[in-house]
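Shown below: my_file-v8.csv, with CSV, N, CA and C atoms.
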```
chain,number,residue,atom,x,y,z
A,1,MET,N,21.6,87.8,83.1
A,1,MET,CA,23.0,88.1,83.5
A,1,MET,C,23.4,87.4,84.8
A,2,GLN,N,22.5,87.6,85.8
A,2,GLN,CA,22.7,87.0,87.1
A,2,GLN,C,22.8,85.5,87.0
A,3,THR,N,21.9,84.9,86.2
A,3,THR,CA,21.9,83.5,86.1
A,3,THR,C,23.2,83.0,85.5
A,4,ALA,N,23.7,83.6,84.4
A,4,ALA,CA,24.9,83.3,83.8
A,4,ALA,C,26.1,83.4,84.8
A,5,ARG,N,26.0,84.4,85.6
A,5,ARG,CA,27.1,84.6,86.6
A,5,ARG,C,27.0,83.5,87.7
A,6,ASN,N,25.8,83.1,88.1
A,6,ASN,CA,25.6,82.0,89.0
A,6,ASN,C,26.2,80.7,88.4
A,7,LEU,N,25.9,80.5,87.2
A,7,LEU,CA,26.3,79.3,86.5
A,7,LEU,C,27.9,79.2,86.4
A,8,PHE,N,28.5,80.4,86.1
A,8,PHE,CA,29.9,80.5,86.1
A,8,PHE,C,30.5,80.1,87.4
A,9,PHE,N,30.0,80.7,88.5
A,9,PHE,CA,30.5,80.5,89.8
A,9,PHE,C,30.3,79.0,90.3
A,10,PHE,N,29.1,78.5,89.9
A,10,PHE,CA,28.9,77.1,90.2
A,10,PHE,C,30.0,76.2,89.6
A,11,LEU,N,30.2,76.4,88.3
A,11,LEU,CA,31.2,75.6,87.6
A,11,LEU,C,32.6,75.8,88.2
A,12,LEU,N,32.9,77.1,88.5
A,12,LEU,CA,34.2,77.4,89.2
A,12,LEU,C,34.3,76.7,90.5
A,13,LEU,N,33.3,76.8,91.3
A,13,LEU,CA,33.3,76.1,92.6
A,13,LEU,C,33.4,74.6,92.5
A,14,PHE,N,32.7,74.0,91.5
A,14,PHE,CA,32.7,72.6,91.3
A,14,PHE,C,34.1,72.2,90.9
A,15,GLY,N,34.8,73.0,90.1
A,15,GLY,CA,36.2,72.7,89.8
A,15,GLY,C,37.1,72.8,91.0
A,16,PHE,N,36.9,73.8,91.8
A,16,PHE,CA,37.7,73.9,93.0
A,16,PHE,C,37.4,72.8,94.0
A,17,GLY,N,36.2,72.4,94.0
A,17,GLY,CA,35.8,71.2,94.9
A,17,GLY,C,36.5,70.0,94.5
A,18,THR,N,36.6,69.8,93.2
A,18,THR,CA,37.3,68.6,92.7
A,18,THR,C,38.8,68.6,93.1
A,19,VAL,N,39.4,69.8,93.0
A,19,VAL,CA,40.8,69.9,93.4
A,19,VAL,C,40.9,69.7,94.9
A,20,ALA,N,40.0,70.4,95.7
A,20,ALA,CA,40.1,70.2,97.1
A,20,ALA,C,39.8,68.8,97.6
A,21,GLY,N,39.0,68.1,96.8
A,21,GLY,CA,38.8,66.7,97.2
A,21,GLY,C,40.0,65.8,97.1
A,22,SER,N,41.0,66.2,96.3
A,22,SER,CA,42.2,65.4,96.3
A,22,SER,C,43.2,65.8,97.4
A,23,SER,N,43.1,67.1,97.8
A,23,SER,CA,43.8,67.7,98.9
A,23,SER,C,45.3,67.6,98.9
A,24,PHE,N,45.9,66.9,97.9
A,24,PHE,CA,47.3,66.8,97.8
A,24,PHE,C,47.8,67.7,96.7
A,25,THR,N,48.8,68.5,96.9
A,25,THR,CA,49.3,69.3,95.8
A,25,THR,C,50.3,68.5,95.0
A,26,ARG,N,50.4,68.9,93.7
A,26,ARG,CA,51.4,68.2,92.8
A,26,ARG,C,52.7,69.0,93.0
A,27,GLY,N,53.8,68.2,92.9
A,27,GLY,CA,55.1,68.8,92.9
A,27,GLY,C,55.3,69.5,91.6
A,28,SER,N,56.2,70.5,91.6
A,28,SER,CA,56.5,71.3,90.4
A,28,SER,C,56.9,70.5,89.2
A,29,ALA,N,57.5,69.3,89.5
A,29,ALA,CA,57.9,68.5,88.4
A,29,ALA,C,56.7,67.8,87.7
A,30,GLU,N,55.6,67.7,88.4
A,30,GLU,CA,54.5,67.0,87.9
A,30,GLU,C,53.4,68.0,87.3
A,31,VAL,N,53.7,69.3,87.3
A,31,VAL,CA,52.7,70.2,86.7
A,31,VAL,C,52.6,69.9,85.2
A,32,LYS,N,51.4,69.7,84.7
A,32,LYS,CA,51.2,69.4,83.4
A,32,LYS,C,50.5,70.5,82.6
A,33,THR,N,50.7,70.6,81.3
A,33,THR,CA,50.1,71.6,80.6
A,33,THR,C,48.6,71.3,80.3
A,34,LYS,N,48.3,70.0,80.2
A,34,LYS,CA,47.0,69.5,80.0
A,34,LYS,C,46.5,68.8,81.3
A,35,THR,N,45.3,69.3,81.8
A,35,THR,CA,44.8,68.7,83.0
A,35,THR,C,44.2,67.3,82.7
A,36,THR,N,44.6,66.4,83.5
A,36,THR,CA,44.1,65.0,83.4
A,36,THR,C,43.4,64.6,84.7
A,37,SER,N,42.4,63.8,84.6
A,37,SER,CA,41.7,63.4,85.8
A,37,SER,C,42.5,62.2,86.3
A,38,ARG,N,42.8,62.2,87.6
A,38,ARG,CA,43.5,61.2,88.3
A,38,ARG,C,42.6,60.5,89.3
A,39,THR,N,42.8,59.2,89.5
A,39,THR,CA,42.0,58.5,90.4
A,39,THR,C,42.6,58.7,91.8
A,40,VAL,N,41.8,58.4,92.8
A,40,VAL,CA,42.3,58.6,94.2
A,40,VAL,C,43.5,57.8,94.5
A,41,PRO,N,43.6,56.5,94.1
A,41,PRO,CA,44.9,55.8,94.3
A,41,PRO,C,46.1,56.5,93.6
A,42,GLU,N,45.9,57.0,92.4
A,42,GLU,CA,47.0,57.7,91.7
A,42,GLU,C,47.4,58.9,92.5
A,43,VAL,N,46.5,59.7,93.0
A,43,VAL,CA,46.8,60.9,93.8
A,43,VAL,C,47.6,60.5,95.1
A,44,VAL,N,47.1,59.5,95.8
A,44,VAL,CA,47.7,59.0,97.0
A,44,VAL,C,49.1,58.4,96.7
A,45,ASP,N,49.2,57.6,95.7
A,45,ASP,CA,50.5,57.0,95.4
A,45,ASP,C,51.6,58.1,95.0
A,46,GLY,N,51.1,59.1,94.2
A,46,GLY,CA,52.1,60.2,93.9
A,46,GLY,C,52.5,60.9,95.1
A,47,PHE,N,51.6,61.2,96.0
A,47,PHE,CA,51.9,61.9,97.2
A,47,PHE,C,52.9,61.1,98.1
A,48,LEU,N,52.6,59.8,98.3
A,48,LEU,CA,53.5,58.9,99.1
A,48,LEU,C,54.8,58.7,98.5
A,49,ASN,N,54.9,58.6,97.2
A,49,ASN,CA,56.2,58.5,96.5
A,49,ASN,C,57.0,59.7,96.7
A,50,ARG,N,56.4,60.9,96.6
A,50,ARG,CA,57.2,62.1,96.8
A,50,ARG,C,57.7,62.2,98.3
A,51,ARG,N,56.8,61.9,99.2
A,51,ARG,CA,57.2,61.9,100.6
A,51,ARG,C,58.3,60.9,100.9
A,52,GLN,N,58.2,59.7,100.3
A,52,GLN,CA,59.2,58.7,100.6
A,52,GLN,C,60.5,59.1,100.0
A,53,THR,N,60.5,59.7,98.8
A,53,THR,CA,61.8,60.2,98.2
A,53,THR,C,62.4,61.3,99.1
A,54,GLU,N,61.6,62.2,99.6
A,54,GLU,CA,62.1,63.2,100.5
A,54,GLU,C,62.7,62.6,101.8
A,55,LEU,N,62.1,61.6,102.3
A,55,LEU,CA,62.6,60.9,103.6
A,55,LEU,C,63.9,60.2,103.3
A,56,ILE,N,64.0,59.5,102.1
A,56,ILE,CA,65.2,58.9,101.8
A,56,ILE,C,66.4,59.9,101.7
A,57,GLY,N,66.1,61.0,101.1
A,57,GLY,CA,67.1,62.1,101.0
A,57,GLY,C,67.5,62.7,102.4
A,58,TRP,N,66.4,63.0,103.2
A,58,TRP,CA,66.7,63.6,104.5
A,58,TRP,C,67.3,62.7,105.5
A,59,LEU,N,66.9,61.5,105.5
A,59,LEU,CA,67.3,60.6,106.6
A,59,LEU,C,68.3,59.6,106.1
A,60,GLY,N,68.5,59.4,104.8
A,60,GLY,CA,69.5,58.4,104.3
A,60,GLY,C,69.0,57.0,104.6
A,61,LEU,N,67.7,56.8,104.4
A,61,LEU,CA,67.2,55.4,104.6
A,61,LEU,C,67.8,54.4,103.8
A,62,THR,N,68.1,53.3,104.3
A,62,THR,CA,68.7,52.1,103.6
A,62,THR,C,67.5,51.3,103.0
A,63,PRO,N,67.9,50.4,102.1
A,63,PRO,CA,66.9,49.5,101.5
A,63,PRO,C,66.2,48.6,102.6
A,64,ASP,N,67.0,48.2,103.6
A,64,ASP,CA,66.5,47.4,104.6
A,64,ASP,C,65.5,48.2,105.5
A,65,GLN,N,65.8,49.4,105.7
A,65,GLN,CA,64.8,50.3,106.5
A,65,GLN,C,63.5,50.5,105.7
A,66,LEU,N,63.7,50.7,104.4
A,66,LEU,CA,62.5,50.8,103.5
A,66,LEU,C,61.6,49.5,103.5
A,67,ASP,N,62.3,48.4,103.4
A,67,ASP,CA,61.6,47.1,103.5
A,67,ASP,C,60.9,46.9,104.8
A,68,ALA,N,61.5,47.3,105.9
A,68,ALA,CA,60.9,47.2,107.2
A,68,ALA,C,59.7,48.1,107.4
A,69,SER,N,59.7,49.3,106.7
A,69,SER,CA,58.6,50.2,106.9
A,69,SER,C,57.5,50.0,105.9
A,70,ALA,N,57.7,49.0,105.0
A,70,ALA,CA,56.7,48.7,103.9
A,70,ALA,C,55.3,48.5,104.5
A,71,PRO,N,55.1,47.6,105.6
A,71,PRO,CA,53.8,47.4,106.1
A,71,PRO,C,53.1,48.7,106.6
A,72,ALA,N,53.9,49.6,107.2
A,72,ALA,CA,53.3,50.8,107.7
A,72,ALA,C,52.9,51.7,106.5
A,73,LEU,N,53.7,51.7,105.5
A,73,LEU,CA,53.4,52.5,104.3
A,73,LEU,C,52.1,52.0,103.6
A,74,ALA,N,52.0,50.7,103.6
A,74,ALA,CA,50.8,50.1,103.0
A,74,ALA,C,49.5,50.4,103.8
A,75,ALA,N,49.7,50.4,105.1
A,75,ALA,CA,48.5,50.8,106.0
A,75,ALA,C,48.2,52.2,105.8
A,76,THR,N,49.2,53.1,105.7
A,76,THR,CA,49.0,54.5,105.5
A,76,THR,C,48.3,54.8,104.2
A,77,ARG,N,48.7,54.0,103.1
A,77,ARG,CA,48.2,54.2,101.8
A,77,ARG,C,46.7,53.9,101.9
A,78,ALA,N,46.3,52.8,102.5
A,78,ALA,CA,44.9,52.4,102.6
A,78,ALA,C,44.1,53.4,103.3
A,79,LYS,N,44.6,54.0,104.4
A,79,LYS,CA,43.9,55.0,105.2
A,79,LYS,C,43.7,56.3,104.3
A,80,LEU,N,44.8,56.7,103.6
A,80,LEU,CA,44.7,57.9,102.8
A,80,LEU,C,43.7,57.7,101.6
A,81,ILE,N,43.7,56.5,101.0
A,81,ILE,CA,42.7,56.3,99.9
A,81,ILE,C,41.3,56.3,100.5
A,82,ALA,N,41.0,55.7,101.6
A,82,ALA,CA,39.7,55.8,102.2
A,82,ALA,C,39.3,57.2,102.5
A,83,HIS,N,40.2,58.0,103.1
A,83,HIS,CA,39.9,59.4,103.5
A,83,HIS,C,39.7,60.2,102.2
A,84,GLN,N,40.5,60.1,101.2
A,84,GLN,CA,40.3,60.8,100.0
A,84,GLN,C,39.0,60.5,99.2
A,85,THR,N,38.7,59.2,99.3
A,85,THR,CA,37.4,58.8,98.6
A,85,THR,C,36.2,59.4,99.3
A,86,ARG,N,36.2,59.4,100.7
A,86,ARG,CA,35.2,60.1,101.4
A,86,ARG,C,35.1,61.6,101.1
A,87,ALA,N,36.3,62.2,101.1
A,87,ALA,CA,36.4,63.7,100.9
A,87,ALA,C,35.8,64.0,99.5
A,88,ARG,N,36.2,63.3,98.5
A,88,ARG,CA,35.7,63.6,97.2
A,88,ARG,C,34.2,63.4,97.1
A,89,SER,N,33.7,62.3,97.7
A,89,SER,CA,32.3,62.1,97.7
A,89,SER,C,31.5,63.2,98.4
A,90,GLU,N,32.1,63.7,99.5
A,90,GLU,CA,31.4,64.8,100.2
A,90,GLU,C,31.4,66.1,99.4
A,91,VAL,N,32.5,66.4,98.7
A,91,VAL,CA,32.6,67.6,97.9
A,91,VAL,C,31.6,67.5,96.8
A,92,PHE,N,31.5,66.3,96.1
A,92,PHE,CA,30.5,66.2,95.0
A,92,PHE,C,29.1,66.3,95.5
A,93,GLN,N,28.8,65.8,96.7
A,93,GLN,CA,27.5,65.9,97.3
A,93,GLN,C,27.1,67.3,97.6
A,94,ILE,N,28.0,68.1,98.1
A,94,ILE,CA,27.8,69.5,98.5
A,94,ILE,C,27.5,70.3,97.2
A,95,MET,N,28.4,70.0,96.2
A,95,MET,CA,28.2,70.7,94.9
A,95,MET,C,26.9,70.3,94.2
A,96,GLU,N,26.5,69.1,94.3
A,96,GLU,CA,25.2,68.6,93.7
A,96,GLU,C,24.1,69.3,94.4
A,97,GLU,N,24.1,69.5,95.7
A,97,GLU,CA,23.1,70.2,96.4
A,97,GLU,C,23.0,71.7,96.0
A,98,TYR,N,24.2,72.3,95.7
A,98,TYR,CA,24.1,73.6,95.2
A,98,TYR,C,23.6,73.7,93.8
A,99,ARG,N,23.9,72.7,93.0
A,99,ARG,CA,23.4,72.7,91.6
A,99,ARG,C,21.8,72.5,91.6
A,100,ALA,N,21.3,71.7,92.5
A,100,ALA,CA,19.9,71.5,92.7
A,100,ALA,C,19.2,72.9,93.1
A,101,GLU,N,19.8,73.6,94.0
A,101,GLU,CA,19.2,74.9,94.4
A,101,GLU,C,19.3,75.9,93.3
A,102,LEU,N,20.5,75.9,92.6
A,102,LEU,CA,20.6,76.8,91.5
A,102,LEU,C,19.6,76.5,90.4
A,103,SER,N,19.4,75.3,90.2
A,103,SER,CA,18.5,74.8,89.1
A,103,SER,C,17.1,75.4,89.3
A,104,GLU,N,16.7,75.6,90.6
A,104,GLU,CA,15.3,76.2,90.8
A,104,GLU,C,15.2,77.6,90.3
A,105,THR,N,16.3,78.3,90.1
A,105,THR,CA,16.2,79.7,89.6
A,105,THR,C,16.4,79.8,88.1
A,106,LEU,N,16.7,78.7,87.5
A,106,LEU,CA,16.9,78.7,86.1
A,106,LEU,C,15.7,78.5,85.2
A,107,THR,N,15.8,79.0,84.0
A,107,THR,CA,14.7,78.7,83.0
A,107,THR,C,14.9,77.3,82.5
A,108,PRO,N,13.9,76.7,81.9
A,108,PRO,CA,14.0,75.4,81.4
A,108,PRO,C,15.2,75.2,80.4
A,109,GLU,N,15.4,76.3,79.6
A,109,GLU,CA,16.6,76.2,78.7
A,109,GLU,C,17.9,76.2,79.4
A,110,GLN,N,18.0,77.0,80.5
A,110,GLN,CA,19.2,77.1,81.2
A,110,GLN,C,19.4,75.8,82.0
A,111,ARG,N,18.3,75.2,82.5
A,111,ARG,CA,18.5,73.9,83.2
A,111,ARG,C,19.0,72.8,82.2
A,112,THR,N,18.5,72.8,81.0
A,112,THR,CA,19.0,71.9,80.0
A,112,THR,C,20.5,72.1,79.7
A,113,ALA,N,20.8,73.4,79.6
A,113,ALA,CA,22.3,73.7,79.3
A,113,ALA,C,23.1,73.3,80.5
A,114,LEU,N,22.7,73.5,81.7
A,114,LEU,CA,23.4,73.1,82.9
A,114,LEU,C,23.6,71.6,82.9
A,115,ASP,N,22.5,70.9,82.7
A,115,ASP,CA,22.5,69.4,82.6
A,115,ASP,C,23.5,68.9,81.6
A,116,LYS,N,23.5,69.5,80.4
A,116,LYS,CA,24.4,69.1,79.3
A,116,LYS,C,25.9,69.4,79.8
A,117,GLY,N,26.1,70.6,80.4
A,117,GLY,CA,27.4,70.9,80.8
A,117,GLY,C,27.9,70.0,81.9
A,118,MET,N,27.0,69.6,82.8
A,118,MET,CA,27.4,68.7,83.9
A,118,MET,C,27.7,67.3,83.3
A,119,GLU,N,26.9,66.9,82.4
A,119,GLU,CA,27.2,65.5,81.8
A,119,GLU,C,28.5,65.5,81.1
A,120,LYS,N,28.9,66.6,80.4
A,120,LYS,CA,30.2,66.7,79.7
A,120,LYS,C,31.3,66.7,80.8
A,121,TYR,N,31.1,67.4,81.9
A,121,TYR,CA,32.1,67.5,83.0
A,121,TYR,C,32.3,66.1,83.5
A,122,ARG,N,31.2,65.3,83.8
A,122,ARG,CA,31.3,64.0,84.4
A,122,ARG,C,32.0,63.0,83.4
A,123,LYS,N,31.8,63.2,82.1
A,123,LYS,CA,32.5,62.3,81.2
A,123,LYS,C,34.0,62.6,81.2
A,124,GLN,N,34.4,63.9,81.3
A,124,GLN,CA,35.8,64.3,81.3
A,124,GLN,C,36.5,63.9,82.6
A,125,HIS,N,35.8,63.8,83.7
A,125,HIS,CA,36.3,63.6,85.0
A,125,HIS,C,35.8,62.2,85.5
A,126,SER,N,36.5,61.2,85.3
A,126,SER,CA,36.0,59.9,85.6
A,126,SER,C,35.7,59.7,87.0
A,127,SER,N,36.3,60.5,87.9
A,127,SER,CA,36.0,60.3,89.4
A,127,SER,C,34.7,61.0,89.8
A,128,ALA,N,34.1,61.8,88.9
A,128,ALA,CA,32.8,62.5,89.2
A,128,ALA,C,31.7,61.5,89.2
A,129,PRO,N,30.8,61.6,90.2
A,129,PRO,CA,29.7,60.6,90.3
A,129,PRO,C,28.7,60.9,89.1
A,130,LYS,N,28.0,59.8,88.7
A,130,LYS,CA,27.0,60.0,87.7
A,130,LYS,C,25.8,60.7,88.2
A,131,ALA,N,25.0,61.3,87.3
A,131,ALA,CA,23.9,62.1,87.7
A,131,ALA,C,22.9,61.2,88.4
A,132,PRO,N,22.2,61.8,89.4
A,132,PRO,CA,21.2,61.0,90.2
A,132,PRO,C,20.0,60.6,89.4
```

What's the structure tokens form of this structure?
Amino acid sequence: MQTARNLFFFLLLFGFGTVAGSSFTRGSAEVKTKTTSRTVPEVVDGFLNRRQTELIGWLGLTPDQLDASAPALAATRAKLIAHQTRARSEVFQIMEEYRAELSETLTPEQRTALDKGMEKYRKQHSSAPKAP
């Protein structure tokens, strides 16, 4: 029972880690009924597009002002992608360390079930790293 509970919490934490790795929240218009795995550039682009739309509305930016700010936006995009890639990698590494520690307490059958579950998770989430 304790092992099943640990496995549940591991998978729950792994899911939260994936969400935390993206660190950007989706706008209410983007909430989907089916969860889809998004790449780091997709997350960053969505975030920047929402912020730029807000700025256009708040400040009344002109097309010329948007064109003039394009290099700064491109540099910001590159920095955010690099940051998000590092953050996701660190989250996956932390969760992999936990999985390894949890695995020590599992029976061989439970380890096999955990490995199969993780492989299924990795296939569904293309941003998840492959098994070591």

Checklist entry - Do you have the atom C of A:Glu96-atom C of A:Val40 distance handy? => result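 For atom C of A:Glu96 relative to atom C of A:Val40, the distance reads 22.6 Å.
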
Checklist entry - atom N of A:Ala100 to atom C of A:Gln84: how many Å, to one decimal? => result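 According to the coordinates, atom N of A:Ala100 and atom C of A:Gln84 are separated by 22.0 Å.
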
Checklist entry - Which value, in Å to one decimal, gives the distance between atom CA of A:Arg77 and atom CA of A:Val44? => result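 These atoms are spaced 6.8 Å apart.
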